[in-house]
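Student: Below are the C-alpha cells for one structure; questions will follow.
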Amino acid sequence: MDIIRTISDLRAWRKTAGHLALVPTMGNLHEGHLALVHEAKKRAERVVVSIFVNRIQFGQGEDFDSYPRTFEADRARLEQAGVDALFLPDERELYPRIRQDYNVEPPHIQNELCGAFRPGHFRGVATVVSKLFNIVQPDVACFGKKDFQQLHVIKSMVEDLNIPVEIVPVDTGRADDGLALSSRNGYLSAAERAEAPRLQRELARIRDSLIDGDNDYAGLEQAARATLEQHGWQVDYVEIRQADTLELAHAGEKRLVVLAAARQGKTRLIDNIEIHR
C-alpha cells in the first residue's frame with residue numbers, strides 16, 4: 001500500500017490508477033469503515049482511503065484535539081483489506097493558508113437535525129469532501145448511511161455542482177447488540193456502552209409503528225424521547241423525515257427515515273432507520 005502525504009504526489013499517483021474509488025475517513029478505523037473499503041473494491045480497479053481529521057467541521061468545545069488518532073493500527077487494517085493507497089495529508093497540506101476562505105455552503109438542511117446542534121459542521125464536511133474530490137478525482141466514493149444527513153448533503157452537492165463522482169451509500173455497520181459502529185463509541189464507559197443500544201431499539205419501535213400505519217409522527221417522536229430521557233439520555237432530537245429530501249414528513253408518505261442524536265454521558269451518538277411502507 002502506498003502512503004501519500006502531498007497533493008502533488010497523489011495527483012501523480014492518480015494518473016496511472018485507472019478506475020478509482022475513494023473512501024474518505026477521519027481515521028480510528030473500525031469494521032464499518034472496512035465495509036466501505038470492501039464495497040469500494042467491488043466498484044473500482046483501485047481504492048484510495050484518506051485519513052484527515054478535519055478541523056473546520058468541529059465546533060467550539062467539540063473533540064477535535066482529543067479525537068482518536070490511531071495511524072499504525074489504521075495502516076495495518078487498510079493493508080490487510082487490500083487498499084492500494086492511503087492519502088494522509090496534514091493540515092498545512094489541505095489548508096495552506098490555515099483558514100479556508102472559499103467554502104461550500106449547503107442549503108437550509110445544514111442547520112436542521114444535527115446541524116441545529118453543530119453550527120457550521122456540514123459546511124466543513126462539504127468543503128473538505130469537495131477538496132478531496134478535486135484532489136483525488138475518484139470515479140466512485142463510498143459513504144456510510146449512519147451519517148445519513150452527511151450522505152444527503154454530499155449527494156446533493158455532487159448533483160448540484162456537477163461533480164463527476166458516483167456516490168455509493170453503504171449500510172450502517174452494527175455491533176451484535178445493534179449499536180451503530182462509530183469511532184466515538186470508544187468514549188463510552190462500560191455502563192454507557194451497555195445502555196447505548198437502546199437508541200437503535202427506540203428507532204426500531206418507531207419503524208414498526210409506522211409500518212403498522214401509525215401517522216402520529218409527533219407522538220412517536222415524543223414517546224421515544226421520553227423513554228430515552230427516563231434512562232438517562234440527553235436527547236438532541238428524534239425526528240421522522242422524508243427519506244429522499246430530509247424535509248419534514250407528511251402523513252401517508254411511503255419513504256421515510258427516522259433519525260436521532262442523543263448523549264450517553266459525554267458521548268454523542270447518532271443513528272437512523274429507513275422505512276419503506
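Each chain of the C-alpha cells is named A, B, ... in the order shown, its residues numbered from 1; ligands are numbered from 1 in display order.
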With the cut-off set at 12 Å and counting only C-alpha atoms, tabulate each residue of stretch 95-143 of chain A with an atom at most that distance from an atom of stretch 37-50 of chain A, showing the nearest atom pair and its distance in Å to one decimal, ordered by chain and increasing number, as a Markdown table.
Tutor:
```
| residue | atom | partner | partner_atom | distance |
| --- | --- | --- | --- | --- |
| A:Val128 | CA | A:Ser50 | CA | 11.3 |
| A:Val129 | CA | A:Ser50 | CA | 10.4 |
| A:Lys131 | CA | A:Ser50 | CA | 11.8 |
| A:Leu132 | CA | A:Ser50 | CA | 8.4 |
| A:Phe133 | CA | A:Ser50 | CA | 10.9 |
| A:Ile135 | CA | A:Ser50 | CA | 11.0 |
| A:Val136 | CA | A:Val48 | CA | 8.5 |
| A:Gln137 | CA | A:Val48 | CA | 10.8 |
| A:Pro138 | CA | A:Val48 | CA | 8.7 |
| A:Asp139 | CA | A:Ala44 | CA | 8.0 |
| A:Val140 | CA | A:Arg43 | CA | 7.3 |
| A:Ala141 | CA | A:Ala40 | CA | 7.4 |
| A:Cys142 | CA | A:Ala40 | CA | 6.4 |
| A:Phe143 | CA | A:Ala40 | CA | 9.8 |
```
Student: Please identify which residues in stretch 8-66 of chain A DSSP calls alpha helix (DSSP H) from the backbone, and express them as a PyMOL selection string.
Tutor: chain A and resi 8-14+31-43
Student: Generate a file of the selected residues that holds N, CA, C and O atoms, formatted as a compact mmCIF listing (two decimals), in the first residue's frame.
Tutor:
```
# COMPACT_ATOMS: atom_id res chain seq x y z
N SER A 8 0.54 16.88 -4.64
CA SER A 8 1.26 16.67 -5.88
C SER A 8 1.58 15.20 -6.08
O SER A 8 1.45 14.67 -7.19
N ASP A 9 1.97 14.50 -5.02
CA ASP A 9 2.27 13.07 -5.14
C ASP A 9 0.99 12.27 -5.42
O ASP A 9 1.02 11.29 -6.18
N LEU A 10 -0.11 12.68 -4.79
CA LEU A 10 -1.38 11.98 -5.03
C LEU A 10 -1.81 12.14 -6.48
O LEU A 10 -2.23 11.17 -7.13
N ARG A 11 -1.67 13.34 -7.01
CA ARG A 11 -2.08 13.57 -8.40
C ARG A 11 -1.19 12.80 -9.37
O ARG A 11 -1.68 12.29 -10.40
N ALA A 12 0.07 12.68 -9.06
CA ALA A 12 0.96 11.88 -9.90
C ALA A 12 0.56 10.40 -9.85
O ALA A 12 0.52 9.71 -10.88
N TRP A 13 0.23 9.91 -8.65
CA TRP A 13 -0.21 8.51 -8.48
C TRP A 13 -1.51 8.28 -9.23
O TRP A 13 -1.71 7.23 -9.85
N ARG A 14 -2.40 9.27 -9.19
CA ARG A 14 -3.72 9.12 -9.80
C ARG A 14 -3.64 8.89 -11.31
O ARG A 14 -4.51 8.21 -11.89
N GLU A 31 -14.87 -1.70 11.88
CA GLU A 31 -15.42 -2.59 10.85
C GLU A 31 -16.36 -1.85 9.90
O GLU A 31 -16.52 -2.25 8.74
N GLY A 32 -17.00 -0.80 10.38
CA GLY A 32 -17.85 -0.02 9.49
C GLY A 32 -17.05 0.63 8.38
O GLY A 32 -17.48 0.64 7.21
N HIS A 33 -15.87 1.16 8.70
CA HIS A 33 -15.01 1.72 7.66
C HIS A 33 -14.55 0.63 6.69
O HIS A 33 -14.48 0.85 5.47
N LEU A 34 -14.23 -0.53 7.22
CA LEU A 34 -13.76 -1.61 6.36
C LEU A 34 -14.86 -2.10 5.42
O LEU A 34 -14.59 -2.53 4.29
N ALA A 35 -16.12 -1.99 5.86
CA ALA A 35 -17.23 -2.32 4.96
C ALA A 35 -17.26 -1.35 3.78
O ALA A 35 -17.57 -1.75 2.64
N LEU A 36 -16.93 -0.09 4.02
CA LEU A 36 -16.83 0.87 2.93
C LEU A 36 -15.71 0.47 1.97
O LEU A 36 -15.86 0.55 0.74
N VAL A 37 -14.59 0.04 2.52
CA VAL A 37 -13.47 -0.39 1.69
C VAL A 37 -13.86 -1.60 0.84
O VAL A 37 -13.57 -1.66 -0.37
N HIS A 38 -14.53 -2.56 1.44
CA HIS A 38 -14.93 -3.77 0.70
C HIS A 38 -15.88 -3.41 -0.44
O HIS A 38 -15.78 -3.96 -1.54
N GLU A 39 -16.80 -2.49 -0.17
CA GLU A 39 -17.71 -2.06 -1.24
C GLU A 39 -16.95 -1.32 -2.33
O GLU A 39 -17.22 -1.51 -3.53
N ALA A 40 -16.00 -0.49 -1.92
CA ALA A 40 -15.20 0.25 -2.91
C ALA A 40 -14.43 -0.69 -3.82
O ALA A 40 -14.31 -0.46 -5.03
N LYS A 41 -13.93 -1.78 -3.25
CA LYS A 41 -13.15 -2.73 -4.05
C LYS A 41 -14.03 -3.43 -5.10
O LYS A 41 -13.53 -3.84 -6.15
N LYS A 42 -15.32 -3.53 -4.83
CA LYS A 42 -16.23 -4.10 -5.81
C LYS A 42 -16.51 -3.14 -6.96
O LYS A 42 -16.92 -3.56 -8.04
N ARG A 43 -16.29 -1.86 -6.71
CA ARG A 43 -16.74 -0.82 -7.64
C ARG A 43 -15.63 -0.27 -8.53
O ARG A 43 -15.93 0.49 -9.46
```
Student: Could you tell me, as a PyMOL selection string, which residues of stretch 91-213 of chain A DSSP assigns to strand (DSSP E or B) when given the backbone?
Tutor: chain A and resi 140-144+166-170+174+180
Student: Take the residues that were just selected and, keeping N, CA, C and O atoms, output them as a CSV table (one decimal), in the first residue's frame.
Tutor:
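Saved file selection-v5.csv follows:
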```
chain,number,residue,atom,x,y,z
A,140,VAL,N,-15.6,6.9,-8.0
A,140,VAL,CA,-16.6,6.4,-7.1
A,140,VAL,C,-16.2,6.9,-5.7
A,140,VAL,O,-15.0,6.9,-5.4
A,141,ALA,N,-17.1,7.2,-4.8
A,141,ALA,CA,-16.8,7.5,-3.4
A,141,ALA,C,-17.9,6.8,-2.5
A,141,ALA,O,-19.1,6.9,-2.8
A,142,CYS,N,-17.4,6.1,-1.5
A,142,CYS,CA,-18.3,5.3,-0.6
A,142,CYS,C,-18.5,6.1,0.7
A,142,CYS,O,-17.5,6.5,1.4
A,143,PHE,N,-19.7,6.2,1.2
A,143,PHE,CA,-20.1,6.8,2.4
A,143,PHE,C,-21.1,6.0,3.2
A,143,PHE,O,-22.0,5.4,2.6
A,144,GLY,N,-21.0,5.9,4.5
A,144,GLY,CA,-21.9,5.1,5.3
A,144,GLY,C,-23.2,5.8,5.6
A,144,GLY,O,-23.3,7.0,5.7
A,166,GLU,N,-19.6,9.1,-8.6
A,166,GLU,CA,-20.7,8.3,-8.2
A,166,GLU,C,-20.6,8.1,-6.7
A,166,GLU,O,-19.7,7.6,-6.2
A,167,ILE,N,-21.7,8.5,-6.0
A,167,ILE,CA,-21.7,8.4,-4.5
A,167,ILE,C,-22.4,7.1,-4.2
A,167,ILE,O,-23.6,6.8,-4.6
A,168,VAL,N,-21.8,6.2,-3.5
A,168,VAL,CA,-22.3,4.9,-3.1
A,168,VAL,C,-22.6,4.8,-1.6
A,168,VAL,O,-21.7,4.9,-0.8
A,169,PRO,N,-23.9,4.8,-1.3
A,169,PRO,CA,-24.2,4.6,0.1
A,169,PRO,C,-24.0,3.2,0.6
A,169,PRO,O,-24.3,2.2,-0.1
A,170,VAL,N,-23.5,3.0,1.8
A,170,VAL,CA,-23.2,1.7,2.4
A,170,VAL,C,-24.0,1.6,3.7
A,170,VAL,O,-23.9,2.5,4.5
A,174,ARG,N,-23.0,-2.5,12.4
A,174,ARG,CA,-23.5,-2.6,13.7
A,174,ARG,C,-22.8,-3.6,14.5
A,174,ARG,O,-22.4,-4.7,14.0
A,180,ALA,N,-24.8,1.2,16.4
A,180,ALA,CA,-24.1,1.6,15.2
A,180,ALA,C,-22.6,1.8,15.5
A,180,ALA,O,-22.3,2.4,16.5
```
Student: Just how far from atom CA of A:Val83 is atom CA of A:Ala17, in Å to one decimal?
Tutor: 12.3 Å
Student: Quote the spacing between atom CA of A:Ile7 and atom CA of A:Glu93 in Å to one decimal place.
Tutor: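 Interatomic distance here is 7.3 Å.
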Student: Take atom CA of A:Asp90 and atom CA of A:Asn54 and report the distance between them in Å, one decimal.
Tutor: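 Spanning atom CA of A:Asp90 to atom CA of A:Asn54 is a straight-line distance of 9.7 Å.
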Student: So, counting only C-alpha atoms, which residue among A:Tyr217, A:Ile51, A:Thr16, A:Ala190 is closest to A:Leu248?
Tutor: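 Nearest candidate to A:Leu248 out of A:Tyr217, A:Ile51, A:Thr16, A:Ala190: A:Tyr217.
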Student: Which residues are close to stretch 200-212 of chain A, i.e. within 8 Å by only C-alpha atoms, leaving aside same-chain residues fewer than 4 positions away? Reply as a ChimeraX atom specification.
Tutor: /A:178-180,220-221,224,258-260,271-277
Student: From the set A:Ser183, A:Asn103, A:Thr172, A:Asn111, which residue has the shortest atom-to-atom contact distance to A:Ser66, counting only C-alpha atoms?
Tutor: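 Ranked by minimum distance to A:Ser66, first place goes to A:Ser183.
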Student: Would you mind telling me which residue in A:Phe52, A:Phe87, A:Tyr187, A:Phe71 lies nearest to A:Ile4 when using only C-alpha atoms?
Tutor: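 Selected residue with least distance to A:Ile4: A:Phe87.
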